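Dumped input_23.cif below, it's mmCIF, C-alpha atoms and all ligand atoms:
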data_upload
loop_
_atom_site.label_atom_id
_atom_site.label_comp_id
_atom_site.auth_asym_id
_atom_site.auth_seq_id
_atom_site.Cartn_x
_atom_site.Cartn_y
_atom_site.Cartn_z
CA MET A 1 -21.43 18.07 -21.22
CA PRO A 2 -18.87 16.34 -19.00
CA THR A 3 -21.35 15.55 -16.24
CA ALA A 4 -23.67 13.68 -18.60
CA LYS A 5 -21.50 10.60 -18.45
CA GLU A 6 -21.65 10.53 -14.68
CA SER A 7 -25.34 11.22 -14.28
CA ILE A 8 -26.32 7.66 -14.95
CA CYS A 9 -27.73 5.22 -12.48
CA CYS A 10 -25.59 2.28 -11.41
CA GLN A 11 -28.38 0.01 -12.62
CA GLU A 12 -27.81 1.27 -16.17
CA VAL A 13 -24.23 0.04 -16.37
CA GLN A 14 -24.27 -3.65 -17.14
CA GLN A 15 -21.07 -4.68 -15.34
CA ILE A 16 -21.83 -2.62 -12.26
CA ASP A 17 -25.42 -3.78 -12.25
CA ALA A 18 -24.22 -7.38 -12.33
CA LYS A 19 -22.11 -6.73 -9.24
CA ARG A 20 -25.02 -4.96 -7.54
CA GLY A 21 -27.41 -7.74 -8.47
CA SER A 22 -25.19 -10.34 -6.81
CA ILE A 23 -26.64 -9.17 -3.50
CA HIS A 24 -30.33 -9.84 -3.07
CA GLN A 25 -32.51 -6.69 -3.20
CA LEU A 26 -29.55 -4.33 -3.22
CA THR A 27 -30.68 -1.03 -4.76
CA CYS A 28 -27.34 0.73 -5.22
CA ILE A 29 -23.73 -0.36 -5.78
CA THR A 30 -22.54 2.03 -3.04
CA ARG A 31 -24.45 -0.11 -0.52
CA HIS A 32 -22.64 -3.26 -1.63
CA PRO A 33 -20.51 -4.64 1.23
CA GLY A 34 -17.53 -4.72 -1.13
CA PHE A 35 -17.78 -1.08 -2.25
CA GLY A 36 -16.27 0.47 0.87
CA PRO A 37 -13.29 -1.90 1.22
CA VAL A 38 -12.49 -1.78 -2.50
CA CYS A 39 -13.08 1.91 -3.27
CA LEU A 40 -13.05 3.91 -0.04
CA ASP A 41 -10.39 2.32 2.16
CA GLU A 42 -7.34 4.57 1.97
CA TYR A 43 -4.93 1.74 2.82
CA VAL A 44 -6.31 -0.40 0.01
CA LEU A 45 -6.10 2.59 -2.34
CA LYS A 46 -2.54 3.29 -1.29
CA THR A 47 -1.59 -0.31 -1.99
CA ALA A 48 -3.40 -0.27 -5.32
CA TYR A 49 -1.56 2.93 -6.18
CA TYR A 50 1.81 1.22 -5.66
CA GLN A 51 0.77 -1.26 -8.33
CA TYR A 52 -0.27 1.59 -10.63
CA ARG A 53 2.97 3.46 -9.95
CA SER A 54 5.15 0.47 -10.79
CA GLN A 55 3.37 0.18 -14.13
CA TYR A 56 2.76 3.77 -15.18
CA GLY A 57 4.99 5.89 -12.98
CA GLU A 58 4.21 8.46 -10.34
CA LEU A 59 0.95 10.37 -10.31
CA ARG A 60 1.90 13.96 -9.53
CA THR A 61 -1.07 15.30 -7.66
CA THR A 62 -2.54 15.71 -4.19
CA THR A 63 -3.21 12.74 -1.94
CA GLU A 64 -6.97 13.30 -2.20
CA GLU A 65 -6.95 13.44 -5.98
CA ARG A 66 -4.74 10.36 -6.13
CA ASN A 67 -7.17 8.53 -3.85
CA ARG A 68 -10.12 9.53 -6.04
CA TYR A 69 -8.33 8.49 -9.20
CA THR A 70 -7.26 5.17 -7.67
CA ALA A 71 -10.78 4.60 -6.32
CA TYR A 72 -12.27 4.97 -9.82
CA ARG A 73 -9.68 2.51 -11.11
CA GLN A 74 -10.51 0.12 -8.29
CA LEU A 75 -14.23 0.32 -9.11
CA VAL A 76 -13.50 -0.50 -12.74
CA ARG A 77 -11.15 -3.34 -11.78
CA TRP A 78 -13.74 -4.70 -9.35
CA CYS A 79 -16.68 -4.67 -11.78
CA TRP A 80 -14.98 -5.22 -15.15
CA GLY A 81 -11.94 -7.23 -14.16
CA TYR A 82 -9.42 -6.45 -16.86
CA LEU A 83 -10.08 -3.45 -19.05
CA GLY A 84 -8.01 -2.74 -22.16
CA ARG A 85 -5.76 0.29 -22.10
CA ASN A 86 -7.80 2.65 -24.24
CA VAL A 87 -11.22 1.38 -23.23
CA ARG A 88 -13.31 3.96 -21.37
CA VAL A 89 -16.33 3.05 -19.33
CA PRO A 90 -19.04 5.23 -17.78
CA LEU A 91 -19.10 5.43 -14.01
CA PRO A 92 -22.43 5.93 -12.26
CA ALA A 93 -23.08 9.19 -10.43
CA CYS A 94 -23.77 7.49 -7.09
CA ALA A 95 -20.32 5.88 -6.98
CA VAL A 96 -18.51 8.99 -8.27
CA THR A 97 -20.29 11.19 -5.72
CA LYS A 98 -19.50 8.81 -2.88
CA ILE A 99 -15.81 8.69 -3.82
CA ARG A 100 -15.63 12.48 -4.31
CA HIS A 101 -17.28 13.05 -0.98
CA THR A 102 -14.91 10.67 0.80
CA PHE A 103 -11.79 12.19 -0.75
CA SER A 104 -12.82 15.82 -1.13
CA PRO A 105 -10.21 18.61 -1.16
CA THR A 106 -11.57 19.95 2.15
CA SER A 107 -10.79 16.72 3.96
CA THR A 108 -7.08 17.32 3.42
CA GLU A 109 -7.30 20.18 5.84
CA CYS A 110 -6.31 19.39 9.36
CA SER A 111 -9.69 19.58 11.05
CA LYS A 112 -9.75 19.13 14.76
CA THR A 113 -12.44 18.93 17.37
CA GLN A 114 -11.87 19.74 21.01
CA ASN A 115 -12.82 17.05 23.48
CA GLN A 116 -14.42 17.78 26.82
CA ASN A 117 -11.15 17.18 28.65
CA GLY A 118 -9.41 19.76 26.47
CA THR A 119 -7.47 17.38 24.22
CA TRP A 120 -7.84 17.44 20.46
CA THR A 121 -8.98 14.68 18.18
CA LEU A 122 -7.86 14.76 14.57
CA LEU A 123 -10.73 14.30 12.16
CA SER A 124 -8.89 14.16 8.88
CA SER A 125 -8.04 10.62 7.93
CA SER A 126 -5.34 11.85 5.58
CA HIS A 127 -3.67 13.59 8.49
CA ILE A 128 -3.65 10.35 10.48
CA TYR A 129 -2.22 8.65 7.44
CA ASN A 130 0.52 11.25 7.10
CA ARG A 131 1.32 10.88 10.77
CA GLY A 132 1.74 7.11 10.19
CA GLY A 133 4.20 7.95 7.43
CA LEU A 134 6.16 10.20 9.72
CA GLU A 135 6.28 7.52 12.39
CA GLN A 136 7.91 5.26 9.84
CA HIS A 137 10.83 7.65 9.50
CA GLN A 138 11.61 7.81 13.21
ZN ZN B 201 -26.34 3.57 -7.42
#
Can the structure from this file be put into structure tokens for me?
Amino acid sequence: MPTAKESICCQEVQQIDAKRGSIHQLTCITRHPGFGPVCLDEYVLKTAYYQYRSQYGELRTTTEERNRYTAYRQLVRWCWGYLGRNVRVPLPACAVTKIRHTFSPTSTECSKTQNQNGTWTLLSSSHIYNRGGLEQHQ
């Protein structure tokens, strides 16, 4: 069952638990002050992806999937440091869920909300990111 590997608690994975335990009374790795910047910041993930790309070549997939994949790699790099090429490690459900939720396929859609003055605010962070890319080409 593919989900079995994910349905573990972060306290059951030694390396992740060590990271979690570095903060006094922290119950979950996703509440660690480093988790967001390392695994959920799209600019950090984009930069980390450039490193990946220079080593392994382009990842042909959607931006969201690339972010999820890079976030898992970041989590491993953060907690394990260096991991050998064919070494696989289990990732706890809490971290996987948080990353999936942050970079879900639905968030690629251009979702907008209308402000009281009639202007629109873009909600999708990926859209803002794309817009930044377009601005670069001007
Ligand atoms: Zn947890």
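Closest approach to Leu45 of chain A from the set A:Glu12, A:Glu58, A:Asp17, A:Glu64 is made by A:Glu64, with distances taken over all atoms listed in the file.
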Enumerate as a count of residues only the residues within 8 Å of ligand ZN 201 (chain B), counting all atoms listed in the file.
-> 11
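If you count only C-alpha atoms and ignore residues fewer than 4 places along the chain from Val44 of chain A, what sits within 12 Å of it is A:Phe35, A:Gly36, A:Pro37, A:Val38, A:Cys39, A:Leu40, A:Ala48, A:Tyr49, A:Tyr50, A:Gln51, A:Asn67, A:Thr70, A:Ala71, A:Arg73, A:Gln74.
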Counting all atoms listed in the file, closest pick from A:Gly81, A:Leu59, A:Glu42, A:Glu65 relative to Lys19 of chain A is A:Gly81
Judged by only C-alpha atoms, the minimum distance to Ser22 of chain A among A:Ile8, A:Val96, A:Leu91, A:Cys79 is found for A:Cys79
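Computed from the coordinates, the atom CA of Arg85 of chain A to atom CA of Ile16 of chain A distance equals 19.1 Å.
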### Task
Just give me the gap between atom CA of Val89 of chain A and atom CA of Ala18 of chain A in Å, one decimal is fine.
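One can read the atom CA of Val89 of chain A to atom CA of Ala18 of chain A distance as 14.8 Å.
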Take atom CA of Tyr52 of chain A and atom CA of Lys98 of chain A and report the distance between them in Å, one decimal.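 Separating atom CA of Tyr52 of chain A from atom CA of Lys98 of chain A is a distance of 22.0 Å.
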